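Structure first, then comments.
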Amino acid sequence: MGRFRRFFFGLVVALLLLWWLLPGAGPLVEPGSVLVIDLSGDYVETAEPPLLARLAGERIRPFAALLSDLRKAERDERLAGVVLRIRSLDIGWAKAQEMRNAIRSLGAAGRRTIAYLELESLGANLEYFVATGAETIHMAPGTRAPLVGLAAQYFFLGGLWEKLGIEFEVEAIGQYKNAADVIAGRKMTEAHREVATALLDSIDAQFVAGIAEARGFSEAFVRDAIDQAPVSPEEMRALGLIDEVSFYDEVVDSLGDGPVIHGDRYAQVDPASLGFQPVASFALVYGSGNVVMGRGSSSPSGAPVLAADTVSAAIDAAAEDDGIDAIIFRVDSPGGSALASDMVWRAVERARSSGKPVIASFSDLAASGGYYVACGADAIVAEPSSLTGSIGVFVLRPVFAGMLEKLDIGVESQTRGAHADLLVGSRPLSEASRARLRDEIQSIYDLFVERVAAGRNLDPERVDALGQGRVWTGAQAAEIGLVDELGGLREAVNRAKQMLDIDPAADVELIPHPPPRSLREQISEALKRVVVSELPLPRSARRLEQWLALATGVPALVPPFVLDVR
């Protein structure tokens with residue numbers, strides 16, 4: 001009976017996915033049409049969002065697909081206007097900046113843009129920031145409190161482990177490598193506080209300056225408006241922060257009586273029908289999620305992973321493909337395995353030796369191992385609020401002696417070799433083995449510094465001073481030489497065009513590497529996970545689960561797992 005249920009479930013899923021995912025005929029867009037694009041949920045840096053997450057009801061889409069649709073709309077003279085219907089967004093500030101800039105480009109191309117805010121959270125600073133990219137901002141009458149100022153929250157789990165009888169032996173290189181403090185500590189160190197304050201100040205400055213520029217206010221006025229914490233849409237309008245309080249149907253009607261076309265249908269419009277004529281092809285290689293050894297595209301919980309063998313093979317294939325003119329390495333990763341990071345770094349080096357430009361494009365997060373894999377690129381492009389750097393290494397070694405005693409579990413261990421106690425988790429290390437562990441992570445740090453110094457054409461001493469585990473925003477990183485240019489995917493493509501002497505206005509084609517998997521492959525993977533009850537975790541739980549998986553047991557290149565400014 002169980003086997004029949006699994007077969008029946010698989011058949012139903014397959015039929016639903018065929019109906020849902022296979023493209024139909026391209027839509028007919030009539031002159032005077034109103035394009036409505038929903039901006040909500042999560043956007044991922046992969047060629048395909050995870051099927052299980054979508055089946056579980058999570059709103060997850062490829063970010064490049066959204067940027068592509070907005071780029072098509074720039075050229076579509078048939079559109080009377082574009083409504084950006086903004087609800088709760090589960091993205092970081094770099095994606096928010098890139099999304100906002102794409103909306104601004106729509107306006108610069110002559111499309112009328114209206115941002116429509118439908119929000120019910122206690123604070124929606126990021127969503128409002130995205131909305132300021134539009135020509136006008138409308139707000140639903142029932143929306144409340146979208147602008148209250150930024151906040152960052154850090155959790156420290158040391159007290160939890162103490163209650164469980166678990167101790168951690170910590171070794172870290174870099175005074176700012178505070179990821180271990182999050183696991184083993186109880187509060188911020190002064191170094192951690194220094195970095196956290198600098199990050200929040202940098203993002204806050206960008207946030208306020210962006211609103212001021214878009215709405216025509218001084219930054220002092222914007223800060224005062226934030227401090228007033230307007231609650232109702234009418235208060236927002238009185239302050240000049242929005243233009244109208246309207247219902248959704250009223251917003252659409254304001255753009256004329258043309259037909260409405262929604263974003264999911266507009267995605268099927270052929271770019272060639274709008275005059276796109278690529279003169280070159282660039283590979284778009286994704287490096288998303290934890291840096292891990294082996295092959296694959298996602299973890300058991302459905303989160304994307306930057307698997308060294310898979311990503312290295314994709315870079316190699318792009319470098320060897322005569323039809324590919326340049327490589328855009330799109331990174332959205334908190335790092336992870338030092339060995340896996342070095343393997344991907346080497347693949348980037350091989351690609352550069354082929355003579356093709358390799359441009360790294362940073363999304364929300366390209367820190368620690370996420371920076372390592374990209375530091376050898378010809379150029380690095382990051383949004384001002386991308387989180388990057390974190391050149392450092394640490395290791396957390398759990399000691400379970402106290403927990404075993406609490407549980408009345410006896411344990412004995414035997415070793416052969418002066419440092420074999422490194423493999424025993426029931427007792428602390430000897431001083432000699434602890435020194436051996438410090439030597440190991442120092443050697444990893446030295447190699448990290450060497451890779452960055454070579455890739456960024458900096459002295460190792462300078463890299464060491466900029467490293468020490470410190471996280472920087474993209475704006476800060478550009479000032480100190482860790483990033484070459486500020487911008488998103490469009491700017492990264494333009495950088496490659498420049499290196500190839502291609503007209504900046506010319507069209508190029510972005511080809512995902514590796515290509516999206518077939519529907520059969522996606523269904524097969526989804527069914528395997530359903531059969532073993534590996535249903536996807538909520539996004540917030542996945543973040544913690546991923547970070548904890550990387551942060552213990554081996555030397556890790558990982559920044560603090562809580563870097564979420566809202």
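For the structure tokens, the naming scheme is as follows: chains receive sequential letters (A, B, ...) according to their order of presentation, residues are indexed from 1 within each chain, and ligands are indexed from 1 in presentation order.
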
**Request:** Could you give me, as an NGL selection string, the residues within 8 Å of Ile103 (chain A), counting only C-alpha atoms and dropping anything in the same chain fewer than 4 positions from it?
**Result:** :A and (70 or 99 or 107 or 113 or 133-134)

**Message:** Can you tell me, as a PyMOL selection string, which residues in region 320-517 of chain A count as helix (DSSP H, G or I) by DSSP?
**Reply:** chain A and resi 320+338-353+369-372+401-406+420-423+431-456+460-466+474-480+489-499

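Compared by their closest atoms to Leu458 (chain A), and using only C-alpha atoms, the residues A:Gly481, A:Gly258, A:Pro515, A:Pro62 rank with A:Gly481 nearest.
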
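For the set A:Thr310, A:Asp316, A:Ala367, A:Arg451, the residue with the smallest atom-to-atom gap to Ser353 (chain A) is A:Asp316, counting only C-alpha atoms.
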
Closest pair table for region 154-241 of chain A residues within 12 Å of region 405-422 of chain A, only C-alpha atoms, as JSON lines:
```
{"residue": "A:Glu162", "atom": "CA", "partner": "A:Lys406", "partner_atom": "CA", "distance": 11.4}
{"residue": "A:Lys163", "atom": "CA", "partner": "A:Lys406", "partner_atom": "CA", "distance": 9.9}
{"residue": "A:Leu164", "atom": "CA", "partner": "A:Lys406", "partner_atom": "CA", "distance": 8.1}
{"residue": "A:Gly165", "atom": "CA", "partner": "A:Lys406", "partner_atom": "CA", "distance": 7.0}
{"residue": "A:Ile166", "atom": "CA", "partner": "A:Lys406", "partner_atom": "CA", "distance": 10.2}
{"residue": "A:Glu169", "atom": "CA", "partner": "A:Leu422", "partner_atom": "CA", "distance": 11.1}
```

Pull N, CA, C and O atoms from the residues just selected and write them as an mmCIF file, in the first residue's frame.
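Produced file part19.cif, reproduced below:
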```cif
data_model
loop_
_atom_site.group_PDB
_atom_site.id
_atom_site.type_symbol
_atom_site.label_atom_id
_atom_site.label_comp_id
_atom_site.auth_asym_id
_atom_site.auth_seq_id
_atom_site.Cartn_x
_atom_site.Cartn_y
_atom_site.Cartn_z
ATOM 1 N N GLU A 162 26.248 25.395 27.400
ATOM 2 C CA GLU A 162 26.645 25.198 28.795
ATOM 3 C C GLU A 162 25.578 24.419 29.553
ATOM 4 O O GLU A 162 25.889 23.521 30.349
ATOM 5 N N LYS A 163 24.321 24.735 29.298
ATOM 6 C CA LYS A 163 23.234 24.012 29.953
ATOM 7 C C LYS A 163 23.202 22.544 29.528
ATOM 8 O O LYS A 163 22.790 21.666 30.289
ATOM 9 N N LEU A 164 23.635 22.292 28.284
ATOM 10 C CA LEU A 164 23.625 20.922 27.779
ATOM 11 C C LEU A 164 24.897 20.163 28.150
ATOM 12 O O LEU A 164 25.015 18.965 27.863
ATOM 13 N N GLY A 165 25.849 20.868 28.752
ATOM 14 C CA GLY A 165 27.095 20.218 29.140
ATOM 15 C C GLY A 165 28.094 20.103 28.013
ATOM 16 O O GLY A 165 28.990 19.252 28.049
ATOM 17 N N ILE A 166 27.953 20.944 26.982
ATOM 18 C CA ILE A 166 28.870 20.918 25.835
ATOM 19 C C ILE A 166 29.774 22.139 25.900
ATOM 20 O O ILE A 166 29.292 23.268 26.050
ATOM 21 N N GLU A 169 36.109 24.308 22.211
ATOM 22 C CA GLU A 169 37.467 24.819 22.114
ATOM 23 C C GLU A 169 37.559 25.585 20.802
ATOM 24 O O GLU A 169 37.264 25.039 19.733
#
```

**Message:** Which of region 13-251 of chain A end up as strand (DSSP E or B) when DSSP is run on this backbone - answer as an MDAnalysis selection string?
**Reply:** chainID A and resid 33:44 60:62 79:89 113:117 136:139 152 167:173 244:245

List the spatial neighbours of Asp181 (chain A) as a PDB file with all heavy atoms, in the first residue's frame - criterion: any atom at most 9 Å away, only C-alpha atoms, same-chain residues fewer than 3 positions off excluded.
```
ATOM      1  N   PHE A 156      23.702  34.767  20.513  1.00  0.00           N
ATOM      2  CA  PHE A 156      24.891  34.089  21.012  1.00  0.00           C
ATOM      3  C   PHE A 156      24.443  32.845  21.765  1.00  0.00           C
ATOM      4  O   PHE A 156      23.648  32.926  22.702  1.00  0.00           O
ATOM      5  CB  PHE A 156      25.701  35.025  21.912  1.00  0.00           C
ATOM      6  CG  PHE A 156      26.177  36.252  21.177  1.00  0.00           C
ATOM      7  CD1 PHE A 156      25.388  37.391  21.109  1.00  0.00           C
ATOM      8  CD2 PHE A 156      27.400  36.248  20.528  1.00  0.00           C
ATOM      9  CE1 PHE A 156      25.810  38.509  20.413  1.00  0.00           C
ATOM     10  CE2 PHE A 156      27.831  37.368  19.832  1.00  0.00           C
ATOM     11  CZ  PHE A 156      27.039  38.507  19.769  1.00  0.00           C
ATOM     12  N   LEU A 157      24.945  31.699  21.361  1.00  0.00           N
ATOM     13  CA  LEU A 157      24.421  30.418  21.824  1.00  0.00           C
ATOM     14  C   LEU A 157      25.246  29.763  22.915  1.00  0.00           C
ATOM     15  O   LEU A 157      24.960  28.635  23.324  1.00  0.00           O
ATOM     16  CB  LEU A 157      24.323  29.455  20.630  1.00  0.00           C
ATOM     17  CG  LEU A 157      23.522  29.965  19.424  1.00  0.00           C
ATOM     18  CD1 LEU A 157      23.521  28.916  18.317  1.00  0.00           C
ATOM     19  CD2 LEU A 157      22.093  30.311  19.829  1.00  0.00           C
ATOM     20  N   GLY A 158      26.261  30.449  23.419  1.00  0.00           N
ATOM     21  CA  GLY A 158      27.153  29.839  24.403  1.00  0.00           C
ATOM     22  C   GLY A 158      26.439  29.318  25.632  1.00  0.00           C
ATOM     23  O   GLY A 158      26.761  28.232  26.135  1.00  0.00           O
ATOM     24  N   VAL A 170      37.953  26.849  20.894  1.00  0.00           N
ATOM     25  CA  VAL A 170      37.913  27.738  19.740  1.00  0.00           C
ATOM     26  C   VAL A 170      39.318  28.195  19.384  1.00  0.00           C
ATOM     27  O   VAL A 170      40.084  28.610  20.262  1.00  0.00           O
ATOM     28  CB  VAL A 170      37.035  28.977  20.029  1.00  0.00           C
ATOM     29  CG1 VAL A 170      37.021  29.919  18.828  1.00  0.00           C
ATOM     30  CG2 VAL A 170      35.630  28.561  20.421  1.00  0.00           C
ATOM     31  N   LYS A 177      37.327  37.773  13.438  1.00  0.00           N
ATOM     32  CA  LYS A 177      36.681  36.523  13.039  1.00  0.00           C
ATOM     33  C   LYS A 177      35.769  36.067  14.164  1.00  0.00           C
ATOM     34  O   LYS A 177      36.093  35.189  14.975  1.00  0.00           O
ATOM     35  CB  LYS A 177      37.729  35.456  12.730  1.00  0.00           C
ATOM     36  CG  LYS A 177      37.158  34.301  11.875  1.00  0.00           C
ATOM     37  CD  LYS A 177      36.739  34.793  10.503  1.00  0.00           C
ATOM     38  CE  LYS A 177      36.179  33.684   9.640  1.00  0.00           C
ATOM     39  NZ  LYS A 177      35.686  34.166   8.354  1.00  0.00           N
ATOM     40  N   ASN A 178      34.603  36.726  14.232  1.00  0.00           N
ATOM     41  CA  ASN A 178      33.713  36.562  15.388  1.00  0.00           C
ATOM     42  C   ASN A 178      32.634  35.505  15.178  1.00  0.00           C
ATOM     43  O   ASN A 178      31.728  35.391  15.997  1.00  0.00           O
ATOM     44  CB  ASN A 178      33.063  37.909  15.732  1.00  0.00           C
ATOM     45  CG  ASN A 178      32.527  38.605  14.493  1.00  0.00           C
ATOM     46  OD1 ASN A 178      31.782  38.006  13.729  1.00  0.00           O
ATOM     47  ND2 ASN A 178      32.919  39.855  14.297  1.00  0.00           N
ATOM     48  N   ALA A 184      29.948  29.979  20.520  1.00  0.00           N
ATOM     49  CA  ALA A 184      30.499  29.640  21.830  1.00  0.00           C
ATOM     50  C   ALA A 184      30.407  30.761  22.847  1.00  0.00           C
ATOM     51  O   ALA A 184      30.605  30.527  24.048  1.00  0.00           O
ATOM     52  CB  ALA A 184      31.961  29.212  21.667  1.00  0.00           C
ATOM     53  N   GLY A 185      30.120  31.983  22.417  1.00  0.00           N
ATOM     54  CA  GLY A 185      30.110  33.113  23.335  1.00  0.00           C
ATOM     55  C   GLY A 185      28.740  33.449  23.882  1.00  0.00           C
ATOM     56  O   GLY A 185      27.734  32.842  23.525  1.00  0.00           O
ATOM     57  N   ARG A 186      28.736  34.437  24.758  1.00  0.00           N
ATOM     58  CA  ARG A 186      27.489  34.897  25.375  1.00  0.00           C
ATOM     59  C   ARG A 186      27.132  36.322  24.984  1.00  0.00           C
ATOM     60  O   ARG A 186      25.996  36.749  25.149  1.00  0.00           O
ATOM     61  CB  ARG A 186      27.587  34.822  26.902  1.00  0.00           C
ATOM     62  CG  ARG A 186      27.533  33.406  27.472  1.00  0.00           C
ATOM     63  CD  ARG A 186      27.722  33.420  28.971  1.00  0.00           C
ATOM     64  NE  ARG A 186      27.409  32.137  29.575  1.00  0.00           N
ATOM     65  CZ  ARG A 186      26.202  31.788  30.026  1.00  0.00           C
ATOM     66  NH1 ARG A 186      25.189  32.638  29.907  1.00  0.00           N
ATOM     67  NH2 ARG A 186      26.004  30.617  30.581  1.00  0.00           N
ATOM     68  N   LYS A 187      28.101  37.081  24.469  1.00  0.00           N
ATOM     69  CA  LYS A 187      27.843  38.465  24.101  1.00  0.00           C
ATOM     70  C   LYS A 187      28.889  38.923  23.102  1.00  0.00           C
ATOM     71  O   LYS A 187      29.870  38.223  22.827  1.00  0.00           O
ATOM     72  CB  LYS A 187      27.868  39.367  25.336  1.00  0.00           C
ATOM     73  CG  LYS A 187      29.200  39.396  26.060  1.00  0.00           C
ATOM     74  CD  LYS A 187      29.151  40.289  27.289  1.00  0.00           C
ATOM     75  CE  LYS A 187      30.500  40.333  27.997  1.00  0.00           C
ATOM     76  NZ  LYS A 187      30.474  41.229  29.179  1.00  0.00           N
ATOM     77  N   MET A 188      28.691  40.118  22.566  1.00  0.00           N
ATOM     78  CA  MET A 188      29.621  40.685  21.597  1.00  0.00           C
ATOM     79  C   MET A 188      30.962  41.005  22.245  1.00  0.00           C
ATOM     80  O   MET A 188      31.002  41.539  23.348  1.00  0.00           O
ATOM     81  CB  MET A 188      29.062  41.986  21.011  1.00  0.00           C
ATOM     82  CG  MET A 188      28.106  41.830  19.863  1.00  0.00           C
ATOM     83  SD  MET A 188      27.735  43.455  19.144  1.00  0.00           S
ATOM     84  CE  MET A 188      26.687  42.947  17.781  1.00  0.00           C
ATOM     85  N   THR A 189      32.025  40.699  21.511  1.00  0.00           N
ATOM     86  CA  THR A 189      33.318  41.239  21.893  1.00  0.00           C
ATOM     87  C   THR A 189      33.398  42.670  21.364  1.00  0.00           C
ATOM     88  O   THR A 189      32.578  43.099  20.538  1.00  0.00           O
ATOM     89  CB  THR A 189      34.449  40.413  21.274  1.00  0.00           C
ATOM     90  OG1 THR A 189      34.358  40.510  19.847  1.00  0.00           O
ATOM     91  CG2 THR A 189      34.350  38.955  21.696  1.00  0.00           C
ATOM     92  N   HIS A 192      33.817  42.528  17.602  1.00  0.00           N
ATOM     93  CA  HIS A 192      32.548  42.211  16.942  1.00  0.00           C
ATOM     94  C   HIS A 192      31.654  43.443  16.896  1.00  0.00           C
ATOM     95  O   HIS A 192      31.045  43.764  15.867  1.00  0.00           O
ATOM     96  CB  HIS A 192      31.856  41.070  17.698  1.00  0.00           C
ATOM     97  CG  HIS A 192      30.673  40.506  16.975  1.00  0.00           C
ATOM     98  ND1 HIS A 192      30.027  39.369  17.408  1.00  0.00           N
ATOM     99  CD2 HIS A 192      29.997  40.914  15.873  1.00  0.00           C
ATOM    100  CE1 HIS A 192      29.024  39.103  16.606  1.00  0.00           C
ATOM    101  NE2 HIS A 192      28.988  40.028  15.673  1.00  0.00           N
ATOM    102  N   PRO A 560      29.914  35.590  10.492  1.00  0.00           N
ATOM    103  CA  PRO A 560      28.799  35.386  11.422  1.00  0.00           C
ATOM    104  C   PRO A 560      27.524  35.042  10.667  1.00  0.00           C
ATOM    105  O   PRO A 560      27.249  35.624   9.634  1.00  0.00           O
ATOM    106  CB  PRO A 560      28.672  36.743  12.126  1.00  0.00           C
ATOM    107  CG  PRO A 560      30.012  37.368  11.985  1.00  0.00           C
ATOM    108  CD  PRO A 560      30.537  36.910  10.669  1.00  0.00           C
TER     109      PRO A 560
END
```

**Request:** Enter the distance from CA of Gly487 (chain A) to CA of Ile391 (chain A), in Å, rounded to one decimal.
**Result:** 21.8 Å

**Asked** Which one is closest to Ile242 (chain A): A:Ala140, A:Val508, A:Leu255, A:Leu126? Count only C-alpha atoms.
**Response** A:Ala140

**Asked** Of the residues A:Asp325, A:Glu45, A:Glu135, A:Glu77, which is the one nearest to Tyr286 (chain A), using only C-alpha atoms?
**Response** A:Glu45

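Separating CA of Gly323 (chain A) from CA of Glu509 (chain A) is a distance of 10.9 Å.
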
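Residue neighbourhood of Ala454 (chain A), excluding near-sequence residues (fewer than 5 positions): Cys375, Gly376, Val449, Asp459 and Pro460 of chain A, at 9 Å, using only C-alpha atoms.
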
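Of the listed residues (A:Ala220, A:Val424, A:Ala379, A:Leu510), A:Ala379 comes nearest to Val483 (chain A); the distances count only C-alpha atoms.
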
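Every protein, DNA or RNA residue with an atom at most 7 Å from Leu557 (chain A), where only C-alpha atoms count and chain neighbours fewer than 5 positions away do not, is listed here: Gly335, Gly336, Ser337, Ala338, Ser368, Gly369, Gly392, Val393 and Phe394 of chain A.
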
Output the selection as a short mmCIF file (atom, residue, chain, number, x, y, z; two decimals), in the first residue's frame - C-alpha atoms for each residue.
```cif
data_model
loop_
_atom_site.label_atom_id
_atom_site.label_comp_id
_atom_site.auth_asym_id
_atom_site.auth_seq_id
_atom_site.Cartn_x
_atom_site.Cartn_y
_atom_site.Cartn_z
CA GLY A 335 31.67 30.45 2.46
CA GLY A 336 32.44 27.14 4.10
CA SER A 337 35.10 24.55 3.33
CA ALA A 338 38.60 25.95 2.88
CA SER A 368 34.96 34.44 3.70
CA GLY A 369 34.96 31.37 1.42
CA GLY A 392 39.94 34.77 8.17
CA VAL A 393 39.53 31.22 9.45
CA PHE A 394 38.38 29.52 12.64
#
```

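Here CA of Leu396 (chain A) and CA of Ala340 (chain A) stand 18.4 Å from one another.
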